[in-house]
Each structure stands twice: as C-alpha cells, then as structure tokens.
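Shown next: target33.txt, given as compact mmCIF, C-alpha atoms.
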```txt
# COMPACT_ATOMS: atom_id res chain seq x y z
CA MET A 1452 9.53 -38.68 -9.14
CA GLU A 1453 5.89 -39.41 -8.37
CA PRO A 1454 3.66 -39.51 -11.48
CA ARG A 1455 1.53 -36.73 -9.97
CA CYS A 1456 4.63 -34.56 -9.47
CA GLN A 1457 5.60 -35.15 -13.10
CA GLU A 1458 2.13 -34.10 -14.20
CA ILE A 1459 2.20 -30.94 -12.06
CA ARG A 1460 5.65 -29.95 -13.27
CA GLU A 1461 4.55 -30.16 -16.87
CA MET A 1462 1.69 -27.88 -15.97
CA ALA A 1463 3.86 -25.61 -13.80
CA PRO A 1464 4.45 -22.80 -16.36
CA GLU A 1465 0.71 -22.50 -16.98
CA LEU A 1466 -0.02 -22.53 -13.24
CA ALA A 1467 2.57 -19.79 -12.73
CA LEU A 1468 1.00 -17.71 -15.48
CA GLY A 1469 -2.43 -18.12 -13.88
CA ILE A 1470 -4.05 -19.67 -16.94
CA VAL A 1471 -5.08 -23.01 -15.45
CA GLU A 1472 -8.71 -22.93 -14.42
CA GLY A 1473 -11.46 -24.87 -12.72
CA GLU A 1474 -11.09 -28.40 -11.52
CA GLU A 1475 -7.63 -28.83 -12.99
CA ARG A 1476 -6.37 -25.86 -10.98
CA GLY A 1477 -8.12 -27.09 -7.83
CA ARG A 1478 -6.46 -30.52 -8.10
CA ALA A 1479 -3.07 -28.93 -8.72
CA LEU A 1480 -3.41 -26.68 -5.65
CA GLU A 1481 -4.33 -29.70 -3.52
CA HIS A 1482 -1.14 -31.42 -4.60
CA LEU A 1483 0.96 -28.28 -4.03
CA ALA A 1484 -0.32 -28.00 -0.47
CA ASP A 1485 1.46 -31.27 0.34
CA CYS A 1486 4.46 -31.19 -1.99
CA PRO A 1487 7.19 -28.66 -1.15
CA ASP A 1488 9.31 -29.63 -4.19
CA CYS A 1489 6.53 -28.91 -6.66
CA ARG A 1490 5.65 -25.76 -4.76
CA ARG A 1491 9.23 -24.51 -5.07
CA ARG A 1492 9.15 -25.22 -8.79
CA ILE A 1493 5.97 -23.16 -9.21
CA GLU A 1494 7.43 -20.32 -7.12
CA GLU A 1495 10.47 -20.13 -9.40
CA LEU A 1496 8.28 -19.89 -12.47
CA THR A 1497 5.95 -17.40 -10.77
CA GLU A 1498 8.95 -15.10 -10.43
CA VAL A 1499 9.28 -15.22 -14.22
CA ALA A 1500 5.56 -14.51 -14.69
CA ASP A 1501 5.81 -11.58 -12.26
CA ALA A 1502 8.89 -10.25 -14.01
CA LEU A 1503 7.05 -10.27 -17.34
CA LEU A 1504 4.43 -7.90 -15.92
CA LEU A 1505 7.19 -5.60 -14.68
CA LEU A 1506 8.44 -5.24 -18.28
CA ALA A 1507 5.27 -3.50 -19.48
CA PRO A 1508 6.04 0.10 -20.49
CA HIS A 1509 5.81 2.70 -17.74
CA ARG A 1510 3.21 5.32 -18.76
CA GLU A 1511 2.00 8.27 -16.77
CA PRO A 1512 -1.81 8.38 -16.49
CA PRO A 1513 -3.78 11.54 -17.36
CA VAL A 1514 -3.59 14.57 -15.10
CA GLY A 1515 -5.91 14.23 -12.11
CA PHE A 1516 -5.53 10.47 -11.85
CA GLU A 1517 -3.96 10.55 -8.40
CA SER A 1518 -6.59 12.86 -6.91
CA GLU A 1519 -9.40 10.78 -8.41
CA VAL A 1520 -7.99 7.61 -6.83
CA LEU A 1521 -7.65 9.33 -3.47
CA ARG A 1522 -11.18 10.73 -3.73
CA GLN A 1523 -12.49 7.22 -4.36
CA VAL A 1524 -10.64 5.39 -1.62
CA LEU A 1525 -10.17 7.85 1.22
CA PRO A 1526 -13.03 8.85 3.49
CA ALA A 1527 -14.04 12.51 3.51
CA PRO A 1528 -11.65 14.37 5.85
CA LYS A 1529 -12.80 14.53 9.45
CA PRO A 1530 -10.95 14.94 12.72
CA ARG A 1531 -9.44 11.70 13.98
CA ARG A 1532 -10.85 10.76 17.32
CA ARG A 1533 -9.82 8.00 19.59
CA ARG A 1534 -12.14 5.95 21.73
CA ARG A 1535 -10.69 7.42 24.86
CA LEU A 1536 -12.29 10.74 23.97
CA ARG A 1537 -15.67 9.13 23.49
CA LEU A 1538 -15.36 7.28 26.77
CA VAL A 1539 -14.36 10.39 28.67
CA LEU A 1540 -16.86 12.67 26.96
CA ALA A 1541 -19.80 10.29 27.09
CA PRO A 1542 -20.76 11.09 30.69
CA ALA A 1543 -20.49 14.82 30.04
CA ALA A 1544 -22.71 14.55 26.98
CA ALA A 1545 -25.14 12.43 28.93
CA ALA A 1546 -25.22 15.02 31.68
CA LEU A 1547 -25.99 17.78 29.19
CA ALA A 1548 -28.87 15.74 27.86
CA SER A 1549 -30.01 14.82 31.34
CA VAL A 1550 -33.52 16.17 30.78
CA GLY A 1551 -34.42 13.05 28.85
CA ILE A 1552 -32.21 10.58 30.63
CA THR A 1553 -32.76 9.07 34.02
CA LEU A 1554 -30.43 9.99 36.83
CA ALA A 1555 -29.55 6.32 37.26
CA VAL A 1556 -28.08 6.05 33.74
CA VAL A 1557 -26.06 9.25 34.13
CA SER A 1558 -24.71 8.30 37.47
CA GLY A 1559 -23.80 4.87 36.07
CA ASP A 1560 -21.77 6.46 33.30
CA LEU A 1561 -20.11 8.84 35.72
CA ARG A 1562 -19.25 5.97 38.04
CA ASP A 1563 -17.72 4.02 35.11
CA ALA A 1564 -15.67 7.02 34.07
CA SER A 1565 -14.54 7.58 37.62
CA HIS A 1566 -13.44 3.93 37.93
CA TYR A 1567 -11.62 4.18 34.61
CA HIS A 1568 -9.68 7.24 35.76
CA GLN A 1569 -8.97 5.70 39.15
CA THR A 1570 -7.64 2.51 37.56
CA LEU A 1571 -5.34 4.44 35.26
CA LYS A 1572 -4.21 6.69 38.10
CA GLU A 1573 -3.28 3.67 40.19
CA ALA A 1574 -0.44 2.77 37.80
CA ASN A 1575 0.13 6.24 36.38
CA GLY A 1576 -1.39 5.13 33.07
CA LYS A 1577 -2.79 7.48 30.46
CA GLU A 1578 -5.08 5.40 28.28
CA PHE A 1579 -6.60 1.96 27.92
CA GLU A 1580 -8.12 0.99 24.58
CA ALA A 1581 -9.72 -1.99 22.85
CA TYR A 1582 -9.72 -2.55 19.09
CA SER A 1583 -11.31 -5.31 17.02
CA LEU A 1584 -9.18 -7.72 14.99
CA TYR A 1585 -10.49 -8.71 11.58
CA GLY A 1586 -9.62 -11.63 9.29
CA GLY A 1587 -10.06 -12.14 5.54
CA GLY A 1588 -13.37 -10.84 4.25
CA GLY A 1589 -13.72 -8.55 7.25
CA SER A 1590 -14.81 -11.28 9.67
CA PHE A 1591 -14.39 -10.50 13.38
CA ALA A 1592 -11.37 -12.40 14.70
CA GLY A 1593 -10.60 -11.11 18.19
CA THR A 1594 -9.62 -8.09 20.24
CA VAL A 1595 -6.45 -6.13 20.91
CA PHE A 1596 -6.18 -4.27 24.23
CA SER A 1597 -3.62 -1.50 24.43
CA TYR A 1598 -2.32 0.28 27.50
CA ARG A 1599 -0.55 3.61 27.36
CA GLY A 1600 1.61 4.06 30.40
CA ALA A 1601 4.94 2.92 31.78
CA PRO A 1602 5.44 0.46 30.23
CA ASN A 1603 3.21 0.55 27.16
CA TRP A 1604 1.79 -2.91 26.42
CA LEU A 1605 -0.62 -4.91 24.30
CA LEU A 1606 -2.72 -7.98 24.96
CA ILE A 1607 -4.03 -9.83 21.91
CA THR A 1608 -6.92 -12.29 22.16
CA VAL A 1609 -7.99 -14.30 19.12
CA ASP A 1610 -11.21 -16.24 18.57
CA PRO A 1611 -10.82 -20.03 18.16
CA ALA A 1612 -11.73 -19.99 14.45
CA HIS A 1613 -8.80 -17.69 13.64
CA ARG A 1614 -6.04 -19.07 15.86
CA ALA A 1615 -4.35 -21.48 13.43
CA ASP A 1616 -0.74 -20.90 12.42
CA LEU A 1617 -0.21 -17.28 13.50
CA ARG A 1618 3.55 -16.74 13.44
CA GLU A 1619 4.44 -13.06 13.63
CA ALA A 1620 3.03 -9.83 15.01
CA GLN A 1621 3.88 -6.44 13.61
CA LEU A 1622 2.91 -2.84 14.34
CA VAL A 1623 2.62 -0.27 11.57
CA MET A 1624 3.06 3.27 12.86
CA ASP A 1625 1.31 6.42 11.65
CA ASP A 1626 4.53 7.38 9.82
CA GLY A 1627 4.70 3.99 8.04
CA ARG A 1628 7.45 2.40 10.16
CA GLN A 1629 7.03 -1.32 10.77
CA ILE A 1630 7.87 -2.71 14.19
CA PRO A 1631 8.08 -6.47 14.71
CA LEU A 1632 6.91 -7.67 18.13
CA ASN A 1633 9.61 -10.17 19.00
CA TRP A 1634 7.75 -11.55 22.01
CA PHE A 1635 4.99 -12.88 19.78
CA GLU A 1636 5.64 -16.56 19.16
CA GLY A 1637 2.10 -17.66 18.47
CA LEU A 1638 -0.80 -17.77 20.91
CA ASP A 1639 -1.02 -19.55 24.26
CA PRO A 1640 -3.67 -22.29 24.73
CA SER A 1641 -6.27 -19.67 25.67
CA GLY A 1642 -5.70 -17.85 22.37
CA SER A 1643 -3.86 -14.89 23.90
CA SER A 1644 -0.47 -13.25 23.71
CA GLY A 1645 0.83 -10.04 25.20
CA GLY A 1646 3.89 -7.99 26.02
CA GLY A 1647 5.50 -4.59 26.15
CA ILE A 1648 5.83 -2.41 23.09
CA PRO A 1649 8.63 0.11 22.48
CA VAL A 1650 6.33 2.82 21.14
CA ASP A 1651 3.43 4.98 22.28
CA PRO A 1652 0.18 3.16 21.32
CA GLN A 1653 -1.26 6.54 20.38
CA HIS A 1654 1.02 6.56 17.32
CA VAL A 1655 0.23 3.00 16.24
CA SER A 1656 -1.88 2.77 13.13
CA VAL A 1657 -2.28 -0.96 12.57
CA LEU A 1658 -1.47 -4.26 14.28
CA ARG A 1659 -0.97 -7.21 11.93
CA LEU A 1660 -0.79 -10.88 12.87
CA LEU A 1661 0.82 -12.86 10.08
CA PRO A 1662 0.25 -16.55 9.43
CA GLY A 1663 2.63 -19.21 8.08
CA ALA A 1664 2.33 -20.40 4.48
CA ASN A 1665 -1.43 -20.83 4.74
CA GLY A 1666 -4.13 -18.65 6.19
CA ASP A 1667 -5.07 -14.99 6.19
CA PRO A 1668 -3.41 -12.27 8.22
CA LEU A 1669 -5.45 -10.63 10.98
CA VAL A 1670 -5.54 -6.84 11.18
CA ALA A 1671 -6.61 -4.34 13.85
CA HIS A 1672 -6.84 -0.63 13.02
CA PHE A 1673 -6.01 1.55 16.03
CA THR A 1674 -8.63 4.15 15.23
CA SER A 1675 -12.22 4.52 16.29
CA MET B 171 9.07 -8.96 7.58
CA CYS B 172 10.65 -5.55 7.17
CA ALA B 173 11.69 -4.74 3.64
CA ALA B 174 14.65 -2.70 4.74
CA ASP B 175 16.44 -2.14 8.00
CA ARG B 176 15.37 1.44 8.03
CA ASP B 177 11.74 0.39 8.43
CA CYS B 178 12.32 -1.77 11.45
CA VAL B 179 12.65 -0.99 15.11
CA THR B 180 13.22 -3.99 17.32
CA ASP B 181 11.64 -4.27 20.73
CA ASP B 182 14.62 -5.95 22.41
CA THR B 183 14.87 -3.34 25.10
CA GLN B 184 11.12 -2.92 25.34
CA SER B 185 10.11 0.04 27.40
CA GLN B 186 13.33 0.58 29.32
CA ARG B 187 14.43 3.09 26.73
CA GLY B 188 10.98 4.57 26.25
CA PRO B 189 9.44 5.21 22.86
CA ALA B 190 11.63 4.44 19.86
CA PRO B 191 13.16 7.55 18.31
CA TYR B 192 11.46 8.80 15.20
CA ILE B 193 13.70 8.37 12.21
CA PRO B 194 12.62 10.48 9.24
CA ASP B 195 12.12 8.15 6.31
CA VAL B 196 12.74 10.03 3.10
CA ASP B 197 12.29 6.98 0.89
CA PRO B 198 9.92 4.55 2.59
CA SER B 199 9.75 0.97 1.38
CA ASP B 200 6.89 -0.24 -0.81
CA GLU B 201 5.54 -2.20 2.16
CA ALA B 202 5.56 0.85 4.45
CA LEU B 203 3.75 2.92 1.83
CA LEU B 204 1.18 0.18 1.34
CA ALA B 205 0.57 0.03 5.09
CA GLY B 206 0.12 3.81 5.19
CA PHE B 207 -2.19 3.69 2.16
CA ALA B 208 -4.32 1.07 3.92
CA THR B 209 -4.72 3.26 6.99
CA GLY B 210 -6.09 6.07 4.83
CA ASP B 211 -3.34 8.55 5.67
CA PRO B 212 -3.70 11.09 2.82
CA GLY B 213 0.03 11.91 2.50
CA THR B 214 1.16 8.28 2.41
CA ALA B 215 -1.72 7.30 0.14
CA ALA B 216 -0.69 9.98 -2.36
CA ALA B 217 2.93 8.82 -2.21
CA PHE B 218 1.83 5.21 -2.77
CA VAL B 219 -0.30 6.10 -5.81
CA ARG B 220 2.46 8.29 -7.27
CA ARG B 221 5.03 5.50 -6.90
CA PHE B 222 2.98 2.89 -8.74
CA GLN B 223 0.57 4.72 -11.03
CA GLY B 224 2.88 4.69 -14.05
CA ARG B 225 3.45 0.94 -13.83
CA VAL B 226 -0.21 0.11 -13.22
CA TYR B 227 -1.56 2.41 -15.94
CA GLY B 228 1.22 1.30 -18.33
CA LEU B 229 0.36 -2.37 -17.91
CA ALA B 230 -3.39 -1.72 -18.23
CA LEU B 231 -2.83 0.30 -21.42
CA THR B 232 -0.60 -2.43 -22.83
CA ILE B 233 -3.43 -4.92 -22.44
CA VAL B 234 -6.64 -2.95 -23.10
CA ARG B 235 -5.12 -0.43 -25.60
CA GLN B 236 -7.68 2.30 -24.84
CA PRO B 237 -6.58 5.13 -22.51
CA ALA B 238 -10.02 5.70 -20.95
CA ILE B 239 -10.47 2.01 -20.11
CA ALA B 240 -6.87 1.74 -18.92
CA GLU B 241 -7.51 4.65 -16.56
CA GLU B 242 -10.63 2.96 -15.16
CA VAL B 243 -8.71 -0.27 -14.69
CA ALA B 244 -5.85 1.52 -12.94
CA GLN B 245 -8.26 3.33 -10.59
CA GLU B 246 -10.05 0.10 -9.74
CA THR B 247 -6.67 -1.55 -9.12
CA PHE B 248 -5.81 0.99 -6.43
CA ALA B 249 -9.33 0.75 -4.97
CA ARG B 250 -8.96 -3.03 -4.63
CA VAL B 251 -5.51 -2.70 -3.13
CA PHE B 252 -6.94 -0.28 -0.56
CA ARG B 253 -9.74 -2.70 0.32
CA HIS B 254 -7.54 -5.78 0.52
CA ALA B 255 -4.26 -4.32 1.80
CA GLY B 256 -4.67 -6.24 5.06
CA ASN B 257 -4.40 -9.47 3.11
CA TYR B 258 -1.06 -8.58 1.50
CA ASP B 259 1.64 -10.99 2.61
CA ALA B 260 5.20 -9.89 1.84
CA ARG B 261 6.40 -13.51 1.91
CA LYS B 262 4.27 -14.30 -1.15
CA GLY B 263 5.64 -11.54 -3.38
CA ARG B 264 6.59 -7.91 -3.77
CA VAL B 265 4.05 -5.11 -3.50
CA SER B 266 4.71 -4.16 -7.14
CA THR B 267 3.99 -7.64 -8.48
CA TRP B 268 0.89 -8.00 -6.30
CA LEU B 269 -0.40 -4.69 -7.64
CA LEU B 270 0.42 -5.59 -11.25
CA SER B 271 -1.24 -9.00 -10.94
CA ILE B 272 -4.44 -7.26 -9.88
CA ALA B 273 -4.09 -4.77 -12.77
CA ARG B 274 -3.49 -7.61 -15.24
CA ASN B 275 -6.52 -9.58 -14.11
CA LEU B 276 -8.79 -6.52 -14.19
CA SER B 277 -7.48 -5.63 -17.66
CA ILE B 278 -8.15 -9.13 -18.95
CA ASP B 279 -11.67 -9.00 -17.45
CA GLN B 280 -12.30 -5.73 -19.28
CA THR B 281 -11.10 -7.04 -22.64
CA ARG B 282 -13.50 -9.96 -22.26
CA MET B 283 -16.47 -8.05 -20.88
CA ARG B 284 -16.26 -5.29 -23.48
CA ARG B 285 -15.23 -7.66 -26.28
CA LEU B 286 -12.32 -5.37 -27.15
CA ASP B 287 -10.54 -5.96 -30.43
CA PRO B 288 -7.79 -8.53 -29.91
CA VAL B 289 -4.32 -7.04 -29.84
CA ASP B 290 -1.64 -8.52 -32.03
CA PRO B 291 0.65 -10.35 -29.56
CA GLU B 292 3.59 -9.24 -31.73
CA VAL B 293 2.83 -5.64 -30.78
CA ILE B 294 2.88 -6.43 -27.06
CA ALA B 295 6.04 -8.52 -27.48
CA ALA B 296 7.72 -5.58 -29.20
CA GLU B 297 6.60 -3.13 -26.50
CA VAL B 298 7.83 -5.20 -23.57
CA SER B 299 11.11 -5.88 -25.37
CA LEU B 300 11.85 -2.17 -25.71
CA THR B 301 13.43 -0.06 -23.01
CA SER B 302 10.94 2.51 -21.78
CA GLN B 303 10.92 5.26 -19.20
CA GLU B 304 12.09 3.13 -16.30
CA PRO B 305 11.55 3.81 -12.63
CA ALA B 306 14.39 3.25 -10.19
CA ALA B 307 15.45 -0.37 -9.78
CA ASP B 308 13.98 -0.80 -6.32
CA GLU B 309 10.64 0.52 -7.52
CA ALA B 310 10.56 -1.68 -10.58
CA GLY B 311 11.27 -4.85 -8.61
CA LEU B 312 13.84 -5.92 -11.20
CA GLN B 313 17.45 -4.86 -11.43
CA PRO B 314 18.39 -3.14 -14.72
CA ASP B 315 20.58 -6.06 -15.81
CA GLU B 316 17.72 -8.50 -15.12
CA ARG B 317 15.36 -6.37 -17.18
CA ASP B 318 17.81 -6.24 -20.07
CA GLN B 319 18.45 -9.99 -19.92
CA LEU B 320 14.78 -10.77 -19.87
CA ARG B 321 13.98 -8.39 -22.71
CA SER B 322 16.72 -9.80 -24.83
CA ALA B 323 15.61 -13.37 -24.00
CA ILE B 324 12.04 -12.56 -25.10
CA GLY B 325 13.37 -11.04 -28.30
CA GLU B 326 15.31 -14.22 -29.05
CA LEU B 327 12.37 -16.60 -28.55
CA PRO B 328 11.06 -18.24 -31.73
CA ASP B 329 7.95 -16.41 -32.96
CA ASP B 330 5.54 -19.22 -32.10
CA GLN B 331 6.80 -19.44 -28.51
CA LYS B 332 6.78 -15.67 -28.12
CA ARG B 333 3.20 -15.48 -29.38
CA ALA B 334 1.97 -18.22 -27.04
CA LEU B 335 3.79 -16.64 -24.10
CA VAL B 336 2.35 -13.15 -24.70
CA LEU B 337 -1.16 -14.51 -25.19
CA ALA B 338 -0.89 -16.35 -21.88
CA ALA B 339 1.06 -13.84 -19.75
CA TYR B 340 -0.55 -10.55 -20.80
CA MET B 341 -3.86 -11.58 -22.29
CA GLY B 342 -4.73 -14.40 -19.91
CA ARG B 343 -5.50 -16.88 -22.70
CA THR B 344 -5.51 -20.51 -21.60
CA ALA B 345 -3.60 -23.11 -23.59
CA ARG B 346 -6.94 -24.39 -24.93
CA GLU B 347 -7.95 -20.90 -26.09
CA ILE B 348 -4.61 -20.38 -27.81
CA SER B 349 -4.95 -23.77 -29.45
CA ASP B 350 -8.39 -22.80 -30.84
CA LEU B 351 -7.25 -19.31 -31.81
CA ASP B 352 -4.19 -20.44 -33.74
CA ASP B 353 -5.58 -23.80 -34.87
CA VAL B 354 -2.64 -25.61 -33.35
CA PRO B 355 -2.79 -28.85 -31.30
CA LEU B 356 -3.20 -28.27 -27.55
CA GLY B 357 -0.05 -30.24 -26.74
CA THR B 358 1.98 -28.03 -29.08
CA VAL B 359 0.74 -24.86 -27.36
CA LYS B 360 1.58 -26.27 -23.93
CA THR B 361 5.07 -27.17 -25.12
CA ARG B 362 5.61 -23.68 -26.54
CA ILE B 363 4.57 -22.01 -23.30
CA ARG B 364 6.66 -24.37 -21.19
CA THR B 365 9.76 -24.03 -23.36
CA ALA B 366 9.52 -20.25 -23.39
CA MET B 367 9.03 -19.99 -19.62
CA LEU B 368 11.93 -22.32 -18.88
CA LYS B 369 14.23 -20.31 -21.15
CA LEU B 370 13.28 -17.08 -19.40
CA ARG B 371 13.81 -18.66 -16.00
CA GLU B 372 17.30 -19.73 -17.07
CA GLU B 373 18.05 -16.18 -18.13
CA LEU B 374 16.89 -14.76 -14.79
CA GLU B 375 18.98 -17.32 -12.92
CA VAL B 376 22.08 -16.46 -14.96
CA SER B 377 21.62 -12.74 -14.45
```
Representation of the structure as structure tokens:
Amino acid sequence: MEPRCQEIREMAPELALGIVEGEERGRALEHLADCPDCRRRIEELTEVADALLLLAPHREPPVGFESEVLRQVLPAPKPRRRRRLRLVLAPAAAALASVGITLAVVSGDLRDASHYHQTLKEANGKEFEAYSLYGGGGSFAGTVFSYRGAPNWLLITVDPAHRADLREAQLVMDDGRQIPLNWFEGLDPSGSSGGGIPVDPQHVSVLRLLPGANGDPLVAHFTS
Amino acid sequence: MCAADRDCVTDDTQSQRGPAPYIPDVDPSDEALLAGFATGDPGTAAAFVRRFQGRVYGLALTIVRQPAIAEEVAQETFARVFRHAGNYDARKGRVSTWLLSIARNLSIDQTRMRRLDPVDPEVIAAEVSLTSQEPAADEAGLQPDERDQLRSAIGELPDDQKRALVLAAYMGRTAREISDLDDVPLGTVKTRIRTAMLKLREELEVS
C-alpha cells in the first residue's frame, strides 16, 4: 500500500465523521479524487457516521412547526401560469394598451404570435416552450426546449462550462413520479441532446441532468 | 436513479403509447417527496416536512438541548434543503442522511455561536443507545435489526471510545479539540475514534 494511502486510511474515520478541517482535509480530498480504494474505504465509514445520526431520538416538534416551515419556504399562493399564456396574451395586452404603443410594435407581436400558431398547426402541435437550466449556485447552464404534440419531445442544450460528465437525464412530474430519459447518453459535440418523452410536458415539473462522481447536477424548472 | 420501481416509468416505447398512465402513489419515496418539495408543491412539501420533522428536530434537540433553538435549527434545515434540493444526488446518500447531516452541522454551528453549555457525551450516548419512538424502517434509513445491532455495539464500547465517538459524531469536535478537552494525547484520541468506528462498521456488516 502506498504511504499516502496508509496515511489516509488512518484518518478515514475522522474524514467520515466530518471532523477533519482545513488544509489536511483539502489534501485528503485531492488524494481521494484519484484513489478509488481509499474512496471506497471512506464511503464504508461514512455509512457508519450516517447511521449514527439516524439513531438520535425521534421527537415531534411543537405544534405549528410544519406550517411555519411551509410559510418560510413556499412562495405566497398565486395561480400557476405557463409561458405559453404570456406569449399568446402578450399581443392582446399590447393591443389594449395601443394608445401608448406604436402600431409597428403591435403588429410585430401579432405577426410573431401568428407565426407561432401557424408553426404549431403545421404539425398539429399544442405548445412550444423554453426553460433555463441552472447549475450549482444558480448559475445559468443552458436551455431546455419542450414540444407538446405528437410526439412530445425535448431538446437540451448545455453551455460549454457545464457540459462535463453529464450521465443521466430525469424528469420529475407534478405528482412526484421520476421518469428516466433512456435516450440521454451524454451530450453530442455541440452540447445538445434530444428525444421523445412518454409524458405530456405540461405535467413535467423539473428536468434534472445528473453528473458522474464529480460535478453538480443541472436543473430546469418547467414553470414560468 | 429511481428509489423504487413504483416511481419509475421507462420511455422504451416513447410516444407510441401516448402519455404514461398515472399511477396513484400512496407512499412516495423520499426522493420523490424531495423533488416535489423542491418544486414548491404545497401538498408534497407538507408530506415531506411531516415525514422528516421528527428526525430532524430530534437530532437538533439531542445536540443543542434547548427546544426553541432546536426548532430554529430544524426550520433552517428544511429551508436549506428547499434551496439546495437541486444539488441532491441520490448516488451520494439517502435523503434522510443528507437532511440529518445538514441538521447536525447547523446544530453544531449554533452550539458554538451561542456558546451553549457543553452536553455530557454520556447523556447523548445513553439517548442514542435507547430505543425511541421509531419511524418505519424505510423512513429511518436503517432496518430495525441494524439499529439494534448498532445501539448494542455503542453500548458495549469502552467509555473512553464512546466519549470520543460521541464528541466527534454529534458535537463535531475535532480530534485536537477532544485532546485538549480531555487532556489526552492527540494520538490516543485518534486511536479511540478509529477503533470505535471500525467496531461499529463490523457490526453493520454482520447485521
């Protein structure tokens, strides 16, 4: 066994418990990135550390806890609207406000809407949407285009900085079901991937792109 | 990636069959609830909080010992989970352990920031060794026999190993801090922690 491996394995229980700090931890993580055997050892001990937390007594919090959490994290209730509505309604709203808007702008919007409807009609489609993909820390990572028609499909495009090591794609539905996209086997050289989906995009809540061992997942929320 | 077959619908046939049939899910997996929580769906979010609140609050109370602070910690734990749910990776651990790790770290931060009175590690060791009101096995993340084995293994550890383990696992003390606290050589503390962890790992492997 390499001397460095020996050193890491002696430190492994402390690493698993999360009590190694600073430079020492940084050096250990560097080694683990390149040493699958040591990594496996740490993972085994991390299971023990995790299990210890699961042994803490189960105690119900005070009454009102759940509603307080939901009040803190959930946005104030408002009707869910999809972009399609905005796109379709935008020309109408513009027309209503036409006193202050030039005819050229209104007619441009109406022409766009007309083209949109004509394009959908051509293939009997119902909706075409675009949603932003975000990486760790909320950084913009790409765009997901969804088409609602026969068939329903998605096209995913990812910015160069976020393309590394994406392995799986998964849809999470409004009812919580998870649907793996089996056609996703990483991105093509242009950073794209696409294919049919077995569900109505209108009922998709989230698209997740999952990386290999390293890297952050990318997430797109299918809401406006 | 799916935690249970019931959560998965494959896309083998793609659109030929049209939209996948909706299958009512009376007991969604932890991962499905987390995904729903992250989308802000009120019903799923409430179910997610209800499933884990007892574990999260229980762990926070075990560490900080004061109900009001434990409640704050538990609320902040769920708020962080909501903000960072997109970063959860099922391959790196269960939802329950991810949630509890966040609760543990926030609890330790609070004990340090507020300079809370140190808890006797013996008290924590006794609490985690006792059977409490347990959730169902799939919610706890440990099978009942694994829990019993682990509890009994902790109970059988020599006092010095048990103390070092509790200080590290629940109170986030580093080996150096334990060495200073107990006036014991650093190498001895490291050996105690290592020996205790390896014994517990053996017990989990056997069970």
Closest of A:Thr1594, A:Ser1583, A:Ser1656, A:Gln1457 to chain B, counting all atoms listed in the file, is A:Ser1656
Show me which bits of chain A are within 7 Å of chain B, counting only C-alpha atoms, as a JSON list (two decimals) with C-alpha atoms, in the frame of the given file.
```json
[["chain", "number", "residue", "atom", "x", "y", "z"],
["A", 1464, "PRO", "CA", 4.45, -22.80, -16.36],
["A", 1468, "LEU", "CA", 1.00, -17.71, -15.48],
["A", 1470, "ILE", "CA", -4.05, -19.67, -16.94],
["A", 1471, "VAL", "CA", -5.08, -23.01, -15.45],
["A", 1496, "LEU", "CA", 8.28, -19.89, -12.47],
["A", 1499, "VAL", "CA", 9.28, -15.22, -14.22],
["A", 1500, "ALA", "CA", 5.56, -14.51, -14.69],
["A", 1501, "ASP", "CA", 5.81, -11.58, -12.26],
["A", 1504, "LEU", "CA", 4.43, -7.90, -15.92],
["A", 1505, "LEU", "CA", 7.19, -5.60, -14.68],
["A", 1506, "LEU", "CA", 8.44, -5.24, -18.28],
["A", 1507, "ALA", "CA", 5.27, -3.50, -19.48],
["A", 1508, "PRO", "CA", 6.04, 0.10, -20.49],
["A", 1509, "HIS", "CA", 5.81, 2.70, -17.74],
["A", 1510, "ARG", "CA", 3.21, 5.32, -18.76],
["A", 1511, "GLU", "CA", 2.00, 8.27, -16.77],
["A", 1512, "PRO", "CA", -1.81, 8.38, -16.49],
["A", 1517, "GLU", "CA", -3.96, 10.55, -8.40],
["A", 1520, "VAL", "CA", -7.99, 7.61, -6.83],
["A", 1524, "VAL", "CA", -10.64, 5.39, -1.62],
["A", 1525, "LEU", "CA", -10.17, 7.85, 1.22],
["A", 1587, "GLY", "CA", -10.06, -12.14, 5.54],
["A", 1602, "PRO", "CA", 5.44, 0.46, 30.23],
["A", 1603, "ASN", "CA", 3.21, 0.55, 27.16],
["A", 1623, "VAL", "CA", 2.62, -0.27, 11.57],
["A", 1627, "GLY", "CA", 4.70, 3.99, 8.04],
["A", 1628, "ARG", "CA", 7.45, 2.40, 10.16],
["A", 1629, "GLN", "CA", 7.03, -1.32, 10.77],
["A", 1630, "ILE", "CA", 7.87, -2.71, 14.19],
["A", 1631, "PRO", "CA", 8.08, -6.47, 14.71],
["A", 1632, "LEU", "CA", 6.91, -7.67, 18.13],
["A", 1633, "ASN", "CA", 9.61, -10.17, 19.00],
["A", 1647, "GLY", "CA", 5.50, -4.59, 26.15],
["A", 1648, "ILE", "CA", 5.83, -2.41, 23.09],
["A", 1649, "PRO", "CA", 8.63, 0.11, 22.48],
["A", 1650, "VAL", "CA", 6.33, 2.82, 21.14],
["A", 1651, "ASP", "CA", 3.43, 4.98, 22.28],
["A", 1656, "SER", "CA", -1.88, 2.77, 13.13],
["A", 1667, "ASP", "CA", -5.07, -14.99, 6.19],
["A", 1668, "PRO", "CA", -3.41, -12.27, 8.22],
["A", 1670, "VAL", "CA", -5.54, -6.84, 11.18]]
```
Residues within 10 Å of Phe1596 in chain A, please, as a compact mmCIF listing (two decimals) with C-alpha atoms, keeping the file's coordinate frame. Count only C-alpha atoms; anything in the same chain fewer than 5 positions from it doesn't count.
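Written out: out-v6.txt:
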```txt
# COMPACT_ATOMS: atom_id res chain seq x y z
CA PHE A 1579 -6.60 1.96 27.92
CA GLU A 1580 -8.12 0.99 24.58
CA ALA A 1581 -9.72 -1.99 22.85
CA TYR A 1582 -9.72 -2.55 19.09
CA SER A 1583 -11.31 -5.31 17.02
CA TRP A 1604 1.79 -2.91 26.42
CA LEU A 1605 -0.62 -4.91 24.30
CA LEU A 1606 -2.72 -7.98 24.96
CA ILE A 1607 -4.03 -9.83 21.91
CA THR A 1608 -6.92 -12.29 22.16
CA GLY A 1645 0.83 -10.04 25.20
```
Interatomic distance between CA of Ser277 in chain B and CA of Arg1490 in chain A?
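About the pair CA of Ser277 in chain B and CA of Arg1490 in chain A: they are 27.3 Å apart.
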One decimal, Å: what's the distance from CA of Val293 in chain B over to CA of Ala1463 in chain A, could you say?
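Atom-to-atom, CA of Val293 in chain B to CA of Ala1463 in chain A, that is 26.2 Å.
Remark: for Pro1454 in chain A, the closest of the candidate residues A:His1482, A:His1654, A:Gly1469, A:Gln1523 is A:His1482 (distances computed over all atoms listed in the file).
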Residues near Leu286 in chain B, anyone? I mean within 8 Å using only C-alpha atoms, not counting same-chain ones fewer than 5 positions away, as a PyMOL selection string.
chain B and resi 234+280-281
Taken to one decimal, the CA of Trp1634 in chain A-CA of Ala1620 in chain A distance is 8.6 Å
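With all atoms listed in the file as the atoms that count, the residue of A:Lys1577, A:Arg1478, A:Lys1572, A:His1672 with the shortest distance to Gly1600 in chain A is A:Lys1577.
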Give the answer as one residue: which of B:Val243, B:Ile348, B:Val289, B:Ala296 has the shortest atom-to-atom distance to Leu276 in chain B, using all atoms listed in the file?
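Of B:Val243, B:Ile348, B:Val289, B:Ala296, the one nearest Leu276 in chain B, counting all atoms listed in the file, is B:Val243.
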